[in-house]
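Peer 1: As input, take query-v2.pdb (PDB, C-alpha atoms):
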ATOM      1  CA  MET A   1     -11.573   0.470 -48.970
ATOM      2  CA  ALA A   2     -10.524  -2.285 -46.638
ATOM      3  CA  ARG A   3     -11.100  -5.881 -47.518
ATOM      4  CA  ILE A   4     -10.277  -9.338 -46.207
ATOM      5  CA  GLU A   5      -9.775 -12.638 -47.912
ATOM      6  CA  ILE A   6     -10.638 -15.850 -46.075
ATOM      7  CA  ASN A   7      -9.049 -19.109 -47.148
ATOM      8  CA  ALA A   8     -12.094 -21.336 -46.811
ATOM      9  CA  GLU A   9     -10.106 -24.569 -47.006
ATOM     10  CA  ALA A  10      -7.997 -23.632 -43.967
ATOM     11  CA  CYS A  11     -10.936 -22.459 -41.848
ATOM     12  CA  LYS A  12     -11.882 -24.762 -38.974
ATOM     13  CA  SER A  13     -14.954 -22.884 -37.848
ATOM     14  CA  CYS A  14     -13.577 -21.865 -34.437
ATOM     15  CA  SER A  15     -15.341 -18.472 -34.831
ATOM     16  CA  TYR A  16     -12.580 -16.527 -33.046
ATOM     17  CA  CYS A  17     -12.616 -14.075 -35.962
ATOM     18  CA  VAL A  18     -16.352 -13.506 -35.485
ATOM     19  CA  LEU A  19     -15.665 -12.523 -31.867
ATOM     20  CA  ALA A  20     -12.633 -10.424 -32.695
ATOM     21  CA  CYS A  21     -14.237  -8.341 -35.462
ATOM     22  CA  PRO A  22     -15.210  -4.950 -33.984
ATOM     23  CA  THR A  23     -17.676  -4.144 -36.785
ATOM     24  CA  LYS A  24     -19.217  -7.631 -37.021
ATOM     25  CA  THR A  25     -18.505  -8.172 -40.672
ATOM     26  CA  ILE A  26     -17.623 -11.868 -40.337
ATOM     27  CA  GLU A  27     -20.018 -14.732 -39.796
ATOM     28  CA  ILE A  28     -19.806 -18.483 -39.899
ATOM     29  CA  GLY A  29     -21.521 -19.350 -43.181
ATOM     30  CA  LYS A  30     -23.795 -22.210 -44.085
ATOM     31  CA  GLU A  31     -21.475 -23.865 -46.597
ATOM     32  CA  VAL A  32     -18.856 -26.457 -45.739
ATOM     33  CA  ASN A  33     -15.317 -26.882 -47.029
ATOM     34  CA  SER A  34     -13.761 -30.175 -48.138
ATOM     35  CA  LYS A  35     -13.037 -31.145 -44.507
ATOM     36  CA  GLY A  36     -16.644 -30.577 -43.499
ATOM     37  CA  TYR A  37     -16.174 -27.386 -41.491
ATOM     38  CA  LEU A  38     -18.644 -24.533 -41.829
ATOM     39  CA  TYR A  39     -16.273 -21.791 -42.844
ATOM     40  CA  ALA A  40     -16.208 -18.099 -41.986
ATOM     41  CA  GLN A  41     -17.432 -15.592 -44.548
ATOM     42  CA  GLN A  42     -17.504 -11.840 -44.765
ATOM     43  CA  VAL A  43     -21.085 -10.599 -44.700
ATOM     44  CA  ASN A  44     -20.880  -6.798 -44.756
ATOM     45  CA  PRO A  45     -17.746  -5.968 -46.741
ATOM     46  CA  ASP A  46     -18.576  -2.255 -46.625
ATOM     47  CA  LYS A  47     -18.258  -2.183 -42.848
ATOM     48  CA  CYS A  48     -14.741  -3.635 -42.811
ATOM     49  CA  ILE A  49     -12.239  -1.105 -41.466
ATOM     50  CA  GLY A  50      -9.124  -3.170 -42.101
ATOM     51  CA  CYS A  51      -8.062  -3.367 -38.454
ATOM     52  CA  ALA A  52      -6.740  -6.909 -39.060
ATOM     53  CA  MET A  53      -7.965  -8.194 -35.680
ATOM     54  CA  CYS A  54      -9.397 -11.249 -37.456
ATOM     55  CA  GLY A  55      -6.035 -11.878 -39.085
ATOM     56  CA  HIS A  56      -4.180 -11.651 -35.775
ATOM     57  CA  ILE A  57      -6.463 -14.040 -33.938
ATOM     58  CA  CYS A  58      -7.038 -16.616 -36.697
ATOM     59  CA  PRO A  59      -5.171 -19.733 -35.520
ATOM     60  CA  GLU A  60      -4.847 -21.056 -39.052
ATOM     61  CA  SER A  61      -3.587 -17.831 -40.651
ATOM     62  CA  ALA A  62      -6.510 -18.190 -43.020
ATOM     63  CA  ILE A  63      -7.293 -14.465 -43.205
ATOM     64  CA  GLU A  64      -5.344 -11.858 -45.114
ATOM     65  CA  VAL A  65      -6.226  -8.194 -44.843
ATOM     66  CA  TRP A  66      -5.842  -5.274 -47.230
ATOM     67  CA  LYS A  67      -6.404  -1.634 -46.447
TER      68      LYS A  67
ATOM     69  CA  MET B   1      -8.807   6.019 -54.318
ATOM     70  CA  ALA B   2      -5.499   5.278 -52.689
ATOM     71  CA  GLU B   3      -3.853   2.036 -53.592
ATOM     72  CA  GLU B   4      -4.645  -0.710 -51.162
ATOM     73  CA  LYS B   5      -1.884  -2.177 -49.068
ATOM     74  CA  LYS B   6      -1.648  -5.575 -47.462
ATOM     75  CA  VAL B   7      -1.836  -5.015 -43.724
ATOM     76  CA  TYR B   8      -1.884  -8.595 -42.566
ATOM     77  CA  THR B   9      -0.369 -11.524 -44.355
ATOM     78  CA  ARG B  10       0.429 -15.128 -43.613
ATOM     79  CA  THR B  11       3.940 -15.514 -42.226
ATOM     80  CA  LYS B  12       6.635 -17.374 -44.140
ATOM     81  CA  GLY B  13       7.406 -19.225 -40.916
ATOM     82  CA  ILE B  14       4.653 -21.705 -41.672
ATOM     83  CA  ILE B  15       4.358 -23.763 -44.827
ATOM     84  CA  GLU B  16       2.448 -22.045 -47.598
ATOM     85  CA  GLY B  17      -0.944 -23.561 -48.182
ATOM     86  CA  ALA B  18      -0.589 -26.001 -45.275
ATOM     87  CA  VAL B  19      -3.462 -26.553 -42.884
ATOM     88  CA  SER B  20      -2.281 -27.450 -39.390
ATOM     89  CA  GLY B  21      -3.152 -30.763 -37.785
ATOM     90  CA  PHE B  22      -4.479 -29.068 -34.664
ATOM     91  CA  CYS B  23      -8.098 -29.200 -33.550
ATOM     92  CA  PRO B  24     -10.460 -26.308 -34.274
ATOM     93  CA  GLY B  25      -9.884 -23.497 -31.789
ATOM     94  CA  CYS B  26      -6.541 -24.887 -30.630
ATOM     95  CA  MET B  27      -4.092 -22.079 -29.975
ATOM     96  CA  HIS B  28      -1.036 -24.179 -30.776
ATOM     97  CA  SER B  29      -1.427 -23.064 -34.364
ATOM     98  CA  THR B  30      -1.715 -19.423 -33.241
ATOM     99  CA  VAL B  31       1.557 -19.793 -31.359
ATOM    100  CA  HIS B  32       3.275 -21.395 -34.389
ATOM    101  CA  LYS B  33       2.175 -18.451 -36.468
ATOM    102  CA  LEU B  34       3.393 -15.953 -33.847
ATOM    103  CA  ILE B  35       6.813 -17.583 -33.692
ATOM    104  CA  GLY B  36       7.088 -17.278 -37.473
ATOM    105  CA  GLU B  37       5.967 -13.656 -37.389
ATOM    106  CA  ALA B  38       8.329 -12.719 -34.539
ATOM    107  CA  ALA B  39      11.310 -14.307 -36.283
ATOM    108  CA  GLU B  40      10.328 -12.692 -39.573
ATOM    109  CA  GLU B  41      10.137  -9.273 -37.932
ATOM    110  CA  LEU B  42      13.658  -9.780 -36.597
ATOM    111  CA  GLY B  43      14.836 -10.996 -40.018
ATOM    112  CA  ALA B  44      16.018 -14.210 -38.405
ATOM    113  CA  LEU B  45      13.712 -16.736 -40.008
ATOM    114  CA  ASP B  46      16.591 -18.516 -41.761
ATOM    115  CA  LYS B  47      18.461 -18.881 -38.458
ATOM    116  CA  LEU B  48      15.518 -20.355 -36.614
ATOM    117  CA  VAL B  49      15.933 -23.851 -35.160
ATOM    118  CA  ARG B  50      13.093 -25.545 -33.400
ATOM    119  CA  VAL B  51      13.466 -28.240 -30.776
ATOM    120  CA  GLU B  52      10.176 -29.872 -30.249
ATOM    121  CA  GLY B  53       8.761 -31.653 -27.284
ATOM    122  CA  VAL B  54       6.487 -34.639 -27.540
ATOM    123  CA  GLY B  55       2.734 -34.275 -27.616
ATOM    124  CA  CYS B  56       0.446 -32.081 -29.653
ATOM    125  CA  CYS B  57       3.399 -29.836 -30.413
ATOM    126  CA  GLY B  58       4.745 -32.702 -32.533
ATOM    127  CA  LEU B  59       2.095 -31.860 -35.102
ATOM    128  CA  GLY B  60       4.004 -28.656 -35.711
ATOM    129  CA  GLN B  61       6.687 -30.563 -37.607
ATOM    130  CA  PHE B  62       4.347 -30.649 -40.608
ATOM    131  CA  TYR B  63       3.548 -26.983 -40.288
ATOM    132  CA  VAL B  64       6.699 -24.890 -39.778
ATOM    133  CA  THR B  65       9.347 -24.028 -42.325
ATOM    134  CA  CYS B  66      12.352 -23.813 -39.986
ATOM    135  CA  ASP B  67      14.899 -26.524 -39.229
ATOM    136  CA  GLU B  68      13.847 -28.738 -36.405
ATOM    137  CA  THR B  69      14.485 -31.776 -34.336
ATOM    138  CA  ILE B  70      12.265 -33.664 -31.952
ATOM    139  CA  ALA B  71      13.678 -34.431 -28.520
ATOM    140  CA  ALA B  72      12.807 -37.427 -26.397
ATOM    141  CA  HIS B  73       9.815 -36.702 -24.182
ATOM    142  CA  GLY B  74      10.635 -33.744 -21.971
ATOM    143  CA  ARG B  75      14.264 -33.491 -23.024
ATOM    144  CA  ALA B  76      13.929 -30.511 -25.347
ATOM    145  CA  GLY B  77      15.865 -28.323 -22.887
ATOM    146  CA  ALA B  78      18.842 -30.666 -23.007
ATOM    147  CA  VAL B  79      18.746 -31.028 -26.798
ATOM    148  CA  ALA B  80      18.406 -27.271 -27.289
ATOM    149  CA  THR B  81      21.434 -26.761 -25.040
ATOM    150  CA  GLY B  82      23.459 -28.965 -27.384
ATOM    151  CA  VAL B  83      22.155 -27.291 -30.525
ATOM    152  CA  LYS B  84      22.785 -23.788 -29.231
ATOM    153  CA  ARG B  85      26.254 -24.551 -27.894
ATOM    154  CA  SER B  86      27.375 -26.233 -31.107
ATOM    155  CA  SER B  87      25.771 -23.645 -33.364
ATOM    156  CA  PRO B  88      25.771 -20.351 -31.447
ATOM    157  CA  ASP B  89      24.619 -18.268 -34.424
ATOM    158  CA  SER B  90      21.303 -20.025 -34.758
ATOM    159  CA  LEU B  91      18.134 -18.849 -33.090
ATOM    160  CA  VAL B  92      17.076 -21.853 -31.038
ATOM    161  CA  TYR B  93      13.749 -22.302 -29.361
ATOM    162  CA  THR B  94      12.080 -25.231 -27.695
ATOM    163  CA  TYR B  95       8.390 -25.706 -28.165
ATOM    164  CA  GLN B  96       6.902 -27.653 -25.273
ATOM    165  CA  GLY B  97       3.553 -28.332 -23.745
ATOM    166  CA  ASP B  98       2.794 -28.593 -20.049
ATOM    167  CA  GLY B  99       3.064 -32.370 -19.899
ATOM    168  CA  ASP B 100       6.411 -32.253 -21.622
ATOM    169  CA  LEU B 101       7.976 -29.296 -19.837
ATOM    170  CA  ALA B 102       6.443 -29.503 -16.382
ATOM    171  CA  ALA B 103       6.018 -33.242 -15.852
ATOM    172  CA  ILE B 104       8.442 -35.594 -17.544
ATOM    173  CA  GLY B 105      10.943 -32.907 -18.481
ATOM    174  CA  LEU B 106      11.024 -30.992 -15.220
ATOM    175  CA  ALA B 107      14.644 -31.904 -14.466
ATOM    176  CA  GLU B 108      15.907 -30.824 -17.902
ATOM    177  CA  THR B 109      13.821 -27.657 -17.813
ATOM    178  CA  MET B 110      15.096 -26.637 -14.391
ATOM    179  CA  SER B 111      18.708 -27.515 -15.172
ATOM    180  CA  ALA B 112      18.727 -25.602 -18.452
ATOM    181  CA  ALA B 113      17.102 -22.599 -16.758
ATOM    182  CA  ASN B 114      19.529 -22.791 -13.858
ATOM    183  CA  ARG B 115      22.494 -22.795 -16.231
ATOM    184  CA  GLY B 116      21.001 -19.788 -17.995
ATOM    185  CA  GLU B 117      21.393 -21.419 -21.385
ATOM    186  CA  ASN B 118      21.004 -18.955 -24.215
ATOM    187  CA  PHE B 119      17.864 -20.251 -25.885
ATOM    188  CA  THR B 120      14.169 -19.478 -25.773
ATOM    189  CA  VAL B 121      11.519 -21.721 -24.296
ATOM    190  CA  ILE B 122       8.006 -21.449 -25.659
ATOM    191  CA  PHE B 123       5.843 -23.170 -23.076
ATOM    192  CA  VAL B 124       2.239 -23.807 -24.072
ATOM    193  CA  ASN B 125       0.170 -24.385 -20.958
ATOM    194  CA  ASN B 126      -3.343 -25.699 -21.503
ATOM    195  CA  GLY B 127      -3.661 -27.595 -18.251
ATOM    196  CA  ILE B 128      -4.032 -31.036 -19.747
ATOM    197  CA  TYR B 129      -2.272 -33.694 -21.812
ATOM    198  CA  GLY B 130      -3.711 -33.211 -25.291
ATOM    199  CA  MET B 131      -2.259 -35.775 -27.676
ATOM    200  CA  THR B 132      -2.541 -38.746 -25.353
ATOM    201  CA  GLY B 133      -6.202 -38.176 -24.597
ATOM    202  CA  GLY B 134      -6.791 -35.648 -21.856
ATOM    203  CA  GLN B 135      -4.919 -37.023 -18.853
ATOM    204  CA  MET B 136      -4.123 -34.876 -15.831
ATOM    205  CA  ALA B 137      -1.036 -32.710 -16.235
ATOM    206  CA  PRO B 138       0.873 -30.985 -13.408
ATOM    207  CA  THR B 139      -0.850 -27.758 -14.467
ATOM    208  CA  THR B 140      -4.401 -29.148 -14.353
ATOM    209  CA  LEU B 141      -6.572 -26.946 -12.145
ATOM    210  CA  VAL B 142      -7.973 -28.155  -8.835
ATOM    211  CA  GLY B 143     -11.370 -29.710  -9.495
ATOM    212  CA  MET B 144     -10.798 -29.925 -13.249
ATOM    213  CA  LYS B 145     -11.899 -33.195 -14.799
ATOM    214  CA  SER B 146      -9.543 -35.207 -16.956
ATOM    215  CA  THR B 147      -9.501 -38.834 -18.041
ATOM    216  CA  THR B 148      -7.250 -39.773 -15.128
ATOM    217  CA  THR B 149      -9.133 -37.598 -12.624
ATOM    218  CA  PRO B 150     -12.760 -38.251 -13.601
ATOM    219  CA  LYS B 151     -14.042 -36.677 -10.390
ATOM    220  CA  GLY B 152     -11.856 -33.630 -10.766
ATOM    221  CA  ARG B 153      -8.335 -33.012  -9.511
ATOM    222  CA  ASP B 154      -8.231 -33.577  -5.788
ATOM    223  CA  PRO B 155      -5.293 -31.829  -4.069
ATOM    224  CA  GLU B 156      -5.211 -34.517  -1.342
ATOM    225  CA  GLU B 157      -4.540 -37.160  -3.926
ATOM    226  CA  HIS B 158      -2.949 -35.362  -6.869
ATOM    227  CA  GLY B 159      -1.372 -32.233  -5.438
ATOM    228  CA  TYR B 160      -1.796 -28.677  -6.628
ATOM    229  CA  PRO B 161      -1.248 -27.059 -10.043
ATOM    230  CA  MET B 162       2.352 -26.140 -10.763
ATOM    231  CA  HIS B 163       3.171 -22.566 -11.760
ATOM    232  CA  MET B 164       6.194 -22.983 -13.948
ATOM    233  CA  SER B 165       6.893 -19.292 -14.577
ATOM    234  CA  GLU B 166       6.872 -18.628 -10.832
ATOM    235  CA  ILE B 167       9.071 -21.661 -10.160
ATOM    236  CA  ILE B 168      11.641 -20.661 -12.777
ATOM    237  CA  ASN B 169      11.473 -17.098 -11.476
ATOM    238  CA  GLN B 170      13.045 -18.414  -8.249
ATOM    239  CA  LEU B 171      16.267 -19.174 -10.110
ATOM    240  CA  THR B 172      18.990 -16.576 -10.550
ATOM    241  CA  ALA B 173      20.064 -17.199 -14.136
ATOM    242  CA  PRO B 174      16.943 -16.736 -16.321
ATOM    243  CA  TYR B 175      16.862 -13.405 -18.137
ATOM    244  CA  TYR B 176      13.281 -12.958 -19.205
ATOM    245  CA  ILE B 177      10.078 -14.673 -18.057
ATOM    246  CA  GLU B 178       6.633 -13.665 -19.196
ATOM    247  CA  ARG B 179       3.205 -15.285 -19.186
ATOM    248  CA  VAL B 180       0.874 -14.364 -22.038
ATOM    249  CA  SER B 181      -2.226 -15.739 -23.703
ATOM    250  CA  CYS B 182      -3.894 -15.835 -27.113
ATOM    251  CA  ASP B 183      -7.576 -15.485 -26.266
ATOM    252  CA  THR B 184      -8.122 -12.058 -27.836
ATOM    253  CA  ALA B 185      -6.454 -10.233 -30.707
ATOM    254  CA  GLN B 186      -4.890  -7.867 -28.167
ATOM    255  CA  HIS B 187      -3.398 -10.758 -26.231
ATOM    256  CA  VAL B 188      -2.170 -12.307 -29.470
ATOM    257  CA  ILE B 189      -0.322  -9.082 -30.289
ATOM    258  CA  LYS B 190       1.158  -9.016 -26.767
ATOM    259  CA  ALA B 191       2.199 -12.645 -27.116
ATOM    260  CA  ARG B 192       3.961 -11.860 -30.381
ATOM    261  CA  LYS B 193       5.800  -8.987 -28.690
ATOM    262  CA  ALA B 194       6.866 -11.283 -25.853
ATOM    263  CA  ILE B 195       8.177 -13.935 -28.254
ATOM    264  CA  LYS B 196       9.944 -11.296 -30.317
ATOM    265  CA  LYS B 197      11.566  -9.853 -27.205
ATOM    266  CA  ALA B 198      12.717 -13.306 -26.105
ATOM    267  CA  PHE B 199      14.217 -13.947 -29.559
ATOM    268  CA  GLN B 200      15.863 -10.513 -29.516
ATOM    269  CA  TYR B 201      17.474 -11.255 -26.145
ATOM    270  CA  GLN B 202      18.705 -14.565 -27.467
ATOM    271  CA  LEU B 203      20.264 -12.920 -30.530
ATOM    272  CA  GLU B 204      21.982 -10.488 -28.148
ATOM    273  CA  GLY B 205      23.273 -13.449 -26.124
ATOM    274  CA  ARG B 206      21.513 -12.467 -22.908
ATOM    275  CA  GLY B 207      20.454 -15.933 -21.757
ATOM    276  CA  TYR B 208      17.486 -18.080 -20.875
ATOM    277  CA  CYS B 209      14.071 -16.708 -21.782
ATOM    278  CA  LEU B 210      10.756 -18.387 -21.016
ATOM    279  CA  VAL B 211       7.491 -17.363 -22.622
ATOM    280  CA  GLU B 212       4.568 -19.233 -21.116
ATOM    281  CA  ILE B 213       1.401 -19.098 -23.181
ATOM    282  CA  VAL B 214      -1.810 -20.023 -21.373
ATOM    283  CA  THR B 215      -4.106 -21.554 -23.962
ATOM    284  CA  SER B 216      -7.252 -23.594 -24.246
ATOM    285  CA  CYS B 217      -7.757 -27.212 -25.279
ATOM    286  CA  PRO B 218     -11.393 -27.348 -26.450
ATOM    287  CA  THR B 219     -11.221 -31.036 -27.387
ATOM    288  CA  ASN B 220      -9.940 -32.385 -24.088
ATOM    289  CA  TRP B 221     -11.680 -29.837 -21.909
ATOM    290  CA  GLY B 222     -14.880 -31.082 -23.535
ATOM    291  CA  LEU B 223     -16.064 -27.561 -24.389
ATOM    292  CA  ASP B 224     -16.754 -25.829 -27.667
ATOM    293  CA  THR B 225     -14.312 -23.194 -28.846
ATOM    294  CA  LEU B 226     -16.169 -20.210 -27.398
ATOM    295  CA  LYS B 227     -16.966 -21.839 -24.043
ATOM    296  CA  SER B 228     -13.339 -22.854 -23.744
ATOM    297  CA  LEU B 229     -12.413 -19.172 -24.110
ATOM    298  CA  ASP B 230     -14.707 -18.382 -21.164
ATOM    299  CA  PHE B 231     -13.143 -21.182 -19.129
ATOM    300  CA  LEU B 232      -9.707 -19.876 -20.038
ATOM    301  CA  ARG B 233     -10.550 -16.374 -18.837
ATOM    302  CA  ASP B 234     -12.525 -17.339 -15.734
ATOM    303  CA  LYS B 235     -10.495 -20.248 -14.401
ATOM    304  CA  MET B 236      -7.097 -20.458 -16.043
ATOM    305  CA  PHE B 237      -6.233 -16.747 -15.749
ATOM    306  CA  THR B 238      -7.152 -16.835 -12.049
ATOM    307  CA  GLU B 239      -4.730 -19.663 -11.424
ATOM    308  CA  TYR B 240      -2.125 -18.443 -13.921
ATOM    309  CA  PRO B 241      -2.126 -14.626 -13.882
ATOM    310  CA  LEU B 242      -0.653 -13.053 -17.003
ATOM    311  CA  GLY B 243       2.273 -10.690 -16.791
ATOM    312  CA  VAL B 244       6.002 -10.167 -16.844
ATOM    313  CA  PHE B 245       7.764 -12.023 -14.056
ATOM    314  CA  ARG B 246      11.254 -10.981 -14.899
ATOM    315  CA  ASP B 247      12.790  -8.763 -17.532
ATOM    316  CA  LYS B 248      16.427  -8.055 -16.752
ATOM    317  CA  GLY B 249      16.652  -6.167 -20.048
ATOM    318  CA  ALA B 250      14.125  -3.585 -18.859
ATOM    319  CA  GLU B 251      15.802  -3.368 -15.434
ATOM    320  CA  GLU B 252      19.162  -2.574 -17.004
ATOM    321  CA  LYS B 253      17.804   0.370 -18.988
TER     322      LYS B 253
END
Could you render the structure as structure tokens?
Peer 2:
Amino acid sequence: MARIEINAEACKSCSYCVLACPTKTIEIGKEVNSKGYLYAQQVNPDKCIGCAMCGHICPESAIEVWK
Amino acid sequence: MAEEKKVYTRTKGIIEGAVSGFCPGCMHSTVHKLIGEAAEELGALDKLVRVEGVGCCGLGQFYVTCDETIAAHGRAGAVATGVKRSSPDSLVYTYQGDGDLAAIGLAETMSAANRGENFTVIFVNNGIYGMTGGQMAPTTLVGMKSTTTPKGRDPEEHGYPMHMSEIINQLTAPYYIERVSCDTAQHVIKARKAIKKAFQYQLEGRGYCLVEIVTSCPTNWGLDTLKSLDFLRDKMFTEYPLGVFRDKGAEEK
């Protein structure tokens, strides 16, 4: 099963990963990190197909993908 | 269940655990990451030398793992010439924004391109001066507001946007010129390929390569990250069409 890991501290809430995800498994959450950004979270882990589009587009390299 | 494999990992080209100093949605950090990935794919990360322009790109000095120097404003082309000539085995690239490369450093950029110096230029074009507070750059679009053109860029007064890839394409010496973007994952992958190709040509000693990356500047455009993507696609891509302008390597095949 594919999974992603988001480094919440590096996330700056640009939401490019939300746009890039073809199966809509990422959302900007309601919690903030130490810098005050609402960080991205995976909401439907089962739907993740491990295409790594989120990883490619993330400006901060905050997402790592396993498949 | 088959063992899971890492399919996307953070490149070693940027400092582990570091968070860049760039604004949210800024594609400078994407480009830094792509440079690291391209060099890593070529196995040349330890040879990489970065010559940095002045501006937002200066924030990259706290973010990349390669050796680097910062040139005087606009003079990265001249400094990179010196670095490459004195250390031909290294993989030298300049990292410049539009204010640095197209405004104050135009002479150095053109001269280095005209000599066909064997280094790679990564030109990040976001149509505005970022670090200094959103002033008009040579690449600012007609009608686009900036702090020095509050009513929008007026061609009568400020001239027209400069298309650096097209201008450098007029010269004989450059080997490879491509304009890419980072607005979608597909474009990011294409941009990485372009940077990798430019680095490959440099390692083969082919000559001057320019990769122009059209990006957004949400902070100084005064838009949020997603609206700035729309602006990038609607306005910037119309003025700066993406594509390969010159690839002598492909022509030779």
Peer 1: Could you tell me which residues the ChimeraX specification (/B :<8) & /A grabs in this file, written as a ChimeraX atom specification?
Peer 2: /A:1-2,10,12-16,20,50,52-67
Peer 1: Provide the atom CA of Leu59 of chain B to atom CA of Glu166 of chain B distance in Å, to one decimal place.
Peer 2: 28.1 Å
Peer 1: Can you measure atom CA of Met162 of chain B to atom CA of Ile35 of chain B for me? One decimal in Å is fine.
Peer 2: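 One can read the atom CA of Met162 of chain B to atom CA of Ile35 of chain B distance as 24.9 Å.
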Peer 1: Taking the file as shown, what set of residues would the PyMOL selection byres ((chain A and resi 36) around 12) give back, as a PDB file with C-alpha atoms, in the coordinates of the input?
Peer 2:
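What follows is the written file part_17.pdb:
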ATOM      1  CA  ALA A   8     -12.094 -21.336 -46.811  1.00  0.00           C
ATOM      2  CA  GLU A   9     -10.106 -24.569 -47.006  1.00  0.00           C
ATOM      3  CA  ALA A  10      -7.997 -23.632 -43.967  1.00  0.00           C
ATOM      4  CA  CYS A  11     -10.936 -22.459 -41.848  1.00  0.00           C
ATOM      5  CA  LYS A  12     -11.882 -24.762 -38.974  1.00  0.00           C
ATOM      6  CA  SER A  13     -14.954 -22.884 -37.848  1.00  0.00           C
ATOM      7  CA  LYS A  30     -23.795 -22.210 -44.085  1.00  0.00           C
ATOM      8  CA  GLU A  31     -21.475 -23.865 -46.597  1.00  0.00           C
ATOM      9  CA  VAL A  32     -18.856 -26.457 -45.739  1.00  0.00           C
ATOM     10  CA  ASN A  33     -15.317 -26.882 -47.029  1.00  0.00           C
ATOM     11  CA  SER A  34     -13.761 -30.175 -48.138  1.00  0.00           C
ATOM     12  CA  LYS A  35     -13.037 -31.145 -44.507  1.00  0.00           C
ATOM     13  CA  TYR A  37     -16.174 -27.386 -41.491  1.00  0.00           C
ATOM     14  CA  LEU A  38     -18.644 -24.533 -41.829  1.00  0.00           C
ATOM     15  CA  TYR A  39     -16.273 -21.791 -42.844  1.00  0.00           C
TER      16      TYR A  39
ATOM     17  CA  PRO B  24     -10.460 -26.308 -34.274  1.00  0.00           C
TER      18      PRO B  24
END
Peer 1: Taking the file as shown, find all residues satisfying the PyMOL selection byres ((chain B and resi 216) around 10) and write them as an MDAnalysis selection string.
Peer 2: chainID B and resid 25:28 124:128 181:183 213:215 217:221 223 225 227:233 236
